[in-house]
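S.K.: Pasting in a structure now, in structure tokens, and then I'll have a few things to ask.
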Amino acid sequence: MSQSTYTVTGMTCGHCVSSVTEEISEIAGVSDVAVDLATGAVTVTSAEPLSDGAVRGAVEEAGYQLVTA
């Protein structure tokens with residue numbers, strides 16, 4: 001199992017959280033997505049490490065921005 005935490009900006013409500021969760025959950029191998037609306041932290045649990053590009057694409061598909069460190 002692999003766990004990664006990302007920061008997503010632009011989320012303001014529960015619907016935002018649902019959209020991000022749904023899009024990231026569609027990435028192959030993802031088993032859990034936990035979103036903290038207050039901080040924008042998104043913790044993704046997956047069978048294998050995910051590419052940042054896959055996560056970025058899912059977040060952007062939901063209409064939000066992935067912050068790069």
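Residues are referred to by chain and number: the chain letter is A, B, ... according to the order shown in the structure tokens, the number counts from 1 in that chain, and ligands are numbered separately from 1 in the order shown.
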Which parts of chain A does DSSP call helix (DSSP H, G or I) when run on the backbone here, written out as an MDAnalysis selection string?
M.R.: chainID A and resid 14:25 52:62
S.K.: Could you write those residues out with all heavy atoms, as a compact mmCIF listing (two decimals), in the first residue's frame?
M.R.:
# COMPACT_ATOMS: atom_id res chain seq x y z
N GLY A 14 -18.85 21.05 0.73
CA GLY A 14 -18.94 19.60 0.68
C GLY A 14 -19.03 19.06 -0.73
O GLY A 14 -18.52 17.98 -1.03
N HIS A 15 -19.69 19.80 -1.62
CA HIS A 15 -19.79 19.36 -3.01
C HIS A 15 -18.41 19.34 -3.66
O HIS A 15 -18.10 18.43 -4.44
CB HIS A 15 -20.74 20.27 -3.81
CG HIS A 15 -20.88 19.85 -5.23
ND1 HIS A 15 -20.11 20.39 -6.24
CD2 HIS A 15 -21.67 18.92 -5.80
CE1 HIS A 15 -20.44 19.81 -7.37
NE2 HIS A 15 -21.38 18.91 -7.14
N CYS A 16 -17.59 20.30 -3.33
CA CYS A 16 -16.21 20.34 -3.83
C CYS A 16 -15.46 19.09 -3.39
O CYS A 16 -14.77 18.44 -4.19
CB CYS A 16 -15.48 21.57 -3.30
SG CYS A 16 -16.20 23.16 -3.73
N VAL A 17 -15.60 18.75 -2.12
CA VAL A 17 -14.94 17.57 -1.57
C VAL A 17 -15.41 16.33 -2.31
O VAL A 17 -14.60 15.48 -2.68
CB VAL A 17 -15.22 17.46 -0.04
CG1 VAL A 17 -14.76 16.11 0.49
CG2 VAL A 17 -14.54 18.60 0.71
N SER A 18 -16.71 16.22 -2.53
CA SER A 18 -17.27 15.06 -3.24
C SER A 18 -16.72 14.95 -4.65
O SER A 18 -16.40 13.85 -5.11
CB SER A 18 -18.79 15.15 -3.29
OG SER A 18 -19.34 15.05 -2.01
N SER A 19 -16.61 16.07 -5.35
CA SER A 19 -16.11 16.07 -6.72
C SER A 19 -14.67 15.60 -6.79
O SER A 19 -14.31 14.76 -7.62
CB SER A 19 -16.21 17.47 -7.33
OG SER A 19 -17.56 17.85 -7.46
N VAL A 20 -13.84 16.13 -5.91
CA VAL A 20 -12.42 15.74 -5.88
C VAL A 20 -12.29 14.26 -5.50
O VAL A 20 -11.55 13.51 -6.14
CB VAL A 20 -11.63 16.65 -4.91
CG1 VAL A 20 -10.23 16.09 -4.66
CG2 VAL A 20 -11.55 18.07 -5.46
N THR A 21 -13.04 13.84 -4.49
CA THR A 21 -13.00 12.45 -4.05
C THR A 21 -13.40 11.51 -5.18
O THR A 21 -12.73 10.50 -5.44
CB THR A 21 -13.93 12.23 -2.83
OG1 THR A 21 -13.49 13.09 -1.77
CG2 THR A 21 -13.90 10.78 -2.37
N GLU A 22 -14.47 11.85 -5.87
CA GLU A 22 -14.96 11.00 -6.96
C GLU A 22 -13.95 10.87 -8.09
O GLU A 22 -13.67 9.77 -8.57
CB GLU A 22 -16.28 11.57 -7.51
CG GLU A 22 -16.87 10.76 -8.64
CD GLU A 22 -18.17 11.34 -9.15
OE1 GLU A 22 -18.84 12.10 -8.41
OE2 GLU A 22 -18.52 11.03 -10.31
N GLU A 23 -13.36 11.99 -8.51
CA GLU A 23 -12.41 11.96 -9.62
C GLU A 23 -11.15 11.17 -9.25
O GLU A 23 -10.66 10.37 -10.04
CB GLU A 23 -12.05 13.37 -10.08
CG GLU A 23 -13.17 14.10 -10.78
CD GLU A 23 -13.60 13.46 -12.10
OE1 GLU A 23 -12.79 12.77 -12.75
OE2 GLU A 23 -14.77 13.65 -12.47
N ILE A 24 -10.60 11.40 -8.06
CA ILE A 24 -9.39 10.70 -7.67
C ILE A 24 -9.68 9.21 -7.48
O ILE A 24 -8.85 8.37 -7.81
CB ILE A 24 -8.76 11.33 -6.40
CG1 ILE A 24 -8.26 12.74 -6.71
CG2 ILE A 24 -7.61 10.46 -5.88
CD1 ILE A 24 -7.73 13.51 -5.51
N SER A 25 -10.86 8.89 -6.98
CA SER A 25 -11.23 7.49 -6.76
C SER A 25 -11.26 6.68 -8.05
O SER A 25 -11.13 5.45 -8.02
CB SER A 25 -12.59 7.40 -6.07
OG SER A 25 -12.52 7.90 -4.76
N ASP A 52 2.11 11.85 -10.04
CA ASP A 52 1.53 13.16 -9.74
C ASP A 52 0.65 13.63 -10.89
O ASP A 52 -0.35 14.29 -10.68
CB ASP A 52 2.63 14.19 -9.46
CG ASP A 52 3.31 13.96 -8.11
OD1 ASP A 52 2.76 13.21 -7.27
OD2 ASP A 52 4.40 14.53 -7.90
N GLY A 53 1.03 13.26 -12.11
CA GLY A 53 0.25 13.65 -13.28
C GLY A 53 -1.15 13.08 -13.26
O GLY A 53 -2.11 13.76 -13.64
N ALA A 54 -1.30 11.83 -12.82
CA ALA A 54 -2.62 11.21 -12.75
C ALA A 54 -3.49 11.93 -11.72
O ALA A 54 -4.67 12.20 -11.97
CB ALA A 54 -2.49 9.73 -12.41
N VAL A 55 -2.90 12.24 -10.57
CA VAL A 55 -3.65 12.93 -9.52
C VAL A 55 -3.99 14.34 -9.98
O VAL A 55 -5.12 14.81 -9.82
CB VAL A 55 -2.86 12.95 -8.20
CG1 VAL A 55 -3.59 13.75 -7.13
CG2 VAL A 55 -2.62 11.51 -7.72
N ARG A 56 -3.02 15.03 -10.58
CA ARG A 56 -3.27 16.39 -11.09
C ARG A 56 -4.41 16.38 -12.11
O ARG A 56 -5.31 17.22 -12.06
CB ARG A 56 -2.00 16.97 -11.73
CG ARG A 56 -2.20 18.37 -12.30
CD ARG A 56 -0.92 18.93 -12.91
NE ARG A 56 0.20 18.86 -11.99
CZ ARG A 56 0.39 19.70 -10.96
NH1 ARG A 56 -0.48 20.65 -10.73
NH2 ARG A 56 1.44 19.57 -10.19
N GLY A 57 -4.39 15.43 -13.01
CA GLY A 57 -5.45 15.34 -14.03
C GLY A 57 -6.82 15.14 -13.41
O GLY A 57 -7.80 15.76 -13.84
N ALA A 58 -6.90 14.29 -12.39
CA ALA A 58 -8.17 14.04 -11.72
C ALA A 58 -8.66 15.29 -10.99
O ALA A 58 -9.84 15.64 -11.07
CB ALA A 58 -8.03 12.88 -10.74
N VAL A 59 -7.76 15.97 -10.30
CA VAL A 59 -8.12 17.19 -9.57
C VAL A 59 -8.58 18.27 -10.55
O VAL A 59 -9.60 18.94 -10.33
CB VAL A 59 -6.94 17.69 -8.71
CG1 VAL A 59 -7.19 19.10 -8.17
CG2 VAL A 59 -6.67 16.71 -7.58
N GLU A 60 -7.88 18.43 -11.65
CA GLU A 60 -8.25 19.44 -12.64
C GLU A 60 -9.58 19.08 -13.32
O GLU A 60 -10.38 19.96 -13.63
CB GLU A 60 -7.13 19.63 -13.66
CG GLU A 60 -5.93 20.33 -13.03
CD GLU A 60 -4.75 20.49 -13.96
OE1 GLU A 60 -4.77 19.98 -15.09
OE2 GLU A 60 -3.76 21.12 -13.52
N GLU A 61 -9.82 17.79 -13.52
CA GLU A 61 -11.09 17.35 -14.10
C GLU A 61 -12.25 17.74 -13.18
O GLU A 61 -13.34 18.06 -13.64
CB GLU A 61 -11.07 15.83 -14.31
CG GLU A 61 -12.32 15.27 -14.94
CD GLU A 61 -12.53 15.68 -16.38
OE1 GLU A 61 -11.54 15.97 -17.10
OE2 GLU A 61 -13.70 15.72 -16.81
N ALA A 62 -12.00 17.72 -11.88
CA ALA A 62 -13.01 18.11 -10.89
C ALA A 62 -13.17 19.62 -10.84
O ALA A 62 -14.13 20.14 -10.26
CB ALA A 62 -12.65 17.56 -9.51
S.K.: Taking the DSSP assignment computed from this structure's backbone, write out as a PyMOL selection string all residues of chain A that belong to strand (DSSP E).
M.R.: chain A and resi 2-9+30-36+41-46+65-67
S.K.: Nearest to Ala28 in chain A among A:Cys13, A:Val42, A:Leu50, A:Met1, with distances taken over only C-alpha atoms: which residue is it?
M.R.: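 Result for the nearest residue to Ala28 in chain A: A:Leu50.
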S.K.: Pick out the closest residue to Ser46 in chain A from this set: A:Ile27, A:Gly63, A:Thr68, A:Thr12. Count only C-alpha atoms.
M.R.: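 Nearest to Ser46 in chain A: A:Ile27.
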S.K.: Could you check how far CA of Glu48 in chain A sits from CA of Gly29 in chain A, in Å to one decimal?
M.R.: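 Those two atoms sit 6.7 Å apart.
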S.K.: As an exercise, work out the distance from CA of Pro49 in chain A to CA of Val35 in chain A in Å and give it to one decimal place.
M.R.: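 Separation of CA of Pro49 in chain A and CA of Val35 in chain A: 18.2 Å.
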